[in-house]
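Working notes, beginning with the structure itself.
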Amino acid sequence: MKAAIARGLRAFGRFWWEFLVGDTPELFIATLCVVGVAFALASLHVLPVIVVPGVAVVAVIWSAARGRTSSNP
Amino acid sequence: MTRSDWVLVLAVFGASAVEMVEALTIVLAAGTSRGWRSALEGAAAAVGVLALLVLVVGVPLIKYVPIDALRVVVGALLLSLGLNWLRKAWLRASGHKALHDEDKIYAETVAELATEGPVRPQRDAVGFAVAFKGVFLEGTEVVLIVISLGASQGRLGLASLAALSAAVVVFGVGAVVARQLSTVPENLIKLTVGVMLSSFGLFWIGEGAGIHWPGADLFLLVLVGVFAGLSAIVIPWLRRSAPTPAGVLG
């Protein structure tokens, strides 16, 4: 019984790890940064509207460039 | 329906369509090699379990979790998923990553099933299990998107309906075109959904954190425009260093 629960928990953890982190940990970290920046700048007016999407944009471009480099021999 | 409802429907429909094309490939392979009855029963059982998941997880989320906290968590989940889909679609469209090949998956699944022993005439457990697993695994991502988008906007029913419609359309078209699934512009749909999920994710994180987006809900369309415009710039840029001359969007 205990072993079955442990196996289930491991599978559940593995699913979420693969789902959220997988082979692009940089995008997961970027998402956490976006959340952090959003809370940090929420009280300001214009800055968060530019910076919050900006963090996501820079992260996805960097991640794609990283994917490109690694697929080139 | 409001503007953001339409964006929600489009995002869920697109995501569900992409995943269901992949699931249908496996169901077709199971149906042709192990019998249609077991394959269709397996697929239907998986859809039932997925619907139950939406009810069991989604409804309590809407009822008991404070809306701002829910929006931040859901936004983060959508952003993470959206940026991943966007990245993958960019790399596929620019020739850095192979396009998803349904014909290859179909052939591999059929070959694999051929080694599973004789087909049982009434109910074939192997056919049932393969179809169930295919639909359930591909559908899990759709369930997460349905719950996330539906819960954060309080439109779980609408999101579920959009996902179900996509499944019906894909399986309906699939029944007609059978093995021509490789002609579905899967990467284009993936790119569109990636743009939408990333936009929704950013929007909800901002809303939950207390950012006042200019134009309120209308800012969602600005974010969609930003990611779509970015894709139009980044794909040709990535294409310049592609290892293969490929690089199609479909």
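Labels for the structure tokens follow display order: chains A, B, ..., residues from 1 in each chain, ligands from 1.
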
- Residue contacts of Trp237 (chain B) (12 Å, only C-alpha atoms) excluding same-chain residues fewer than 4 positions away, as a ChimeraX atom specification: /A:61,64-65,68 /B:90-91,93-96,230-233,241-242,247

- Could you give me the residues within chain A that DSSP places in helix (DSSP H, G or I), as number ranges by chain? A: 2-20, 25-41, 47-71

- Message: Excluding Leu77 (chain B) and its own-chain neighbours fewer than 6 positions away, which residues fall within 9 Å of it when counting only C-alpha atoms? Please give them as a PyMOL selection string.
- Response: (chain A and resi 20+31) or (chain B and resi 144-145+148+201)

- Nearest residue to chain A from the set B:Ala216, B:Val173, B:Ala111, B:Met20 (distances using only C-alpha atoms): B:Ala216

Within 10 Å of chain B, which residues of chain A show up? Give each one with its shortest atom-to-atom distance in Å (one decimal) and the two atoms involved, counting only C-alpha atoms, rows by chain then rising residue number, as a Markdown table.
| residue | atom | partner | partner_atom | distance |
| --- | --- | --- | --- | --- |
| A:Phe19 | CA | B:Leu81 | CA | 8.0 |
| A:Leu20 | CA | B:Ser80 | CA | 6.7 |
| A:Val21 | CA | B:Ser80 | CA | 8.6 |
| A:Gly22 | CA | B:Asn84 | CA | 9.7 |
| A:Asp23 | CA | B:Asn84 | CA | 9.7 |
| A:Thr24 | CA | B:Asn84 | CA | 7.6 |
| A:Pro25 | CA | B:Ser80 | CA | 9.9 |
| A:Glu26 | CA | B:Ser80 | CA | 10.0 |
| A:Leu27 | CA | B:Ser80 | CA | 6.4 |
| A:Phe28 | CA | B:Ser80 | CA | 5.9 |
| A:Ile29 | CA | B:Ser80 | CA | 9.1 |
| A:Ala30 | CA | B:Ser80 | CA | 8.3 |
| A:Thr31 | CA | B:Ser80 | CA | 6.0 |
| A:Leu32 | CA | B:Ala76 | CA | 7.4 |
| A:Val34 | CA | B:Leu202 | CA | 8.0 |
| A:Val35 | CA | B:Ile205 | CA | 6.4 |
| A:Gly36 | CA | B:Ala209 | CA | 9.1 |
| A:Val37 | CA | B:Ala209 | CA | 9.4 |
| A:Ala38 | CA | B:Gly206 | CA | 6.0 |
| A:Phe39 | CA | B:Ala209 | CA | 5.2 |
| A:Ala40 | CA | B:Ala209 | CA | 8.7 |
| A:Leu41 | CA | B:Ile211 | CA | 7.9 |
| A:Ala42 | CA | B:Ile211 | CA | 4.7 |
| A:Ser43 | CA | B:Ile211 | CA | 7.1 |
| A:Leu44 | CA | B:Ile211 | CA | 8.0 |
| A:His45 | CA | B:His212 | CA | 7.2 |
| A:Val46 | CA | B:Pro214 | CA | 8.8 |
| A:Leu47 | CA | B:Ile211 | CA | 9.9 |
| A:Pro48 | CA | B:Ile211 | CA | 7.0 |
| A:Val49 | CA | B:Trp213 | CA | 6.5 |
| A:Val52 | CA | B:Leu202 | CA | 7.6 |
| A:Pro53 | CA | B:Leu202 | CA | 6.7 |
| A:Ala56 | CA | B:Leu83 | CA | 7.9 |
| A:Val57 | CA | B:Phe227 | CA | 7.8 |
| A:Ala59 | CA | B:Leu83 | CA | 8.7 |
| A:Val60 | CA | B:Leu83 | CA | 6.2 |
| A:Ile61 | CA | B:Val234 | CA | 7.6 |
| A:Trp62 | CA | B:Arg87 | CA | 9.6 |
| A:Ser63 | CA | B:Arg87 | CA | 7.2 |
| A:Ala64 | CA | B:Arg87 | CA | 5.5 |
| A:Ala65 | CA | B:Leu238 | CA | 7.5 |
| A:Gly67 | CA | B:Leu91 | CA | 7.5 |
| A:Arg68 | CA | B:His96 | CA | 6.0 |
| A:Thr69 | CA | B:Ser241 | CA | 8.8 |
| A:Ser70 | CA | B:His96 | CA | 9.4 |
| A:Ser71 | CA | B:His96 | CA | 6.4 |
| A:Asn72 | CA | B:Pro243 | CA | 6.2 |
| A:Pro73 | CA | B:Pro243 | CA | 8.4 |

- Message: One decimal, in Å: what's the spacing between CA of Ala175 (chain B) and CA of Val9 (chain B)?
- Response: 23.8 Å

- Task: Might you pull out every residue within 12 Å of Val168 (chain B), with only C-alpha atoms counted and same-chain residues fewer than 2 positions away left off, and present them as number ranges by chain?
- Result: B: 13, 16-17, 20-21, 24, 44, 47, 161-166, 170-175

Using C-alpha atoms, can you export the residues from the last selection as an mmCIF file, in the first residue's frame?
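Result saved to part_37.cif:
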data_model
loop_
_atom_site.group_PDB
_atom_site.id
_atom_site.type_symbol
_atom_site.label_atom_id
_atom_site.label_comp_id
_atom_site.auth_asym_id
_atom_site.auth_seq_id
_atom_site.Cartn_x
_atom_site.Cartn_y
_atom_site.Cartn_z
ATOM 1 C CA PHE B 13 -10.382 25.179 -29.102
ATOM 2 C CA SER B 16 -7.654 20.947 -27.785
ATOM 3 C CA ALA B 17 -7.504 20.559 -31.582
ATOM 4 C CA MET B 20 -6.686 15.713 -30.279
ATOM 5 C CA VAL B 21 -4.911 15.382 -33.649
ATOM 6 C CA LEU B 24 -6.596 10.601 -32.975
ATOM 7 C CA ALA B 44 -14.584 7.363 -24.916
ATOM 8 C CA VAL B 47 -12.780 11.471 -22.456
ATOM 9 C CA LEU B 161 -17.572 23.208 -24.353
ATOM 10 C CA ALA B 162 -14.820 24.709 -26.559
ATOM 11 C CA ALA B 163 -12.513 21.757 -25.794
ATOM 12 C CA LEU B 164 -15.267 19.225 -26.439
ATOM 13 C CA SER B 165 -16.207 20.935 -29.739
ATOM 14 C CA ALA B 166 -12.594 20.727 -30.900
ATOM 15 C CA VAL B 170 -11.089 16.670 -35.035
ATOM 16 C CA PHE B 171 -12.555 13.184 -34.571
ATOM 17 C CA GLY B 172 -15.273 13.971 -37.161
ATOM 18 C CA VAL B 173 -12.765 15.211 -39.728
ATOM 19 C CA GLY B 174 -10.462 12.342 -38.775
ATOM 20 C CA ALA B 175 -13.181 9.826 -39.529
#

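In this structure, CA of Asp5 (chain B) sits 25.6 Å away from CA of Val49 (chain B).
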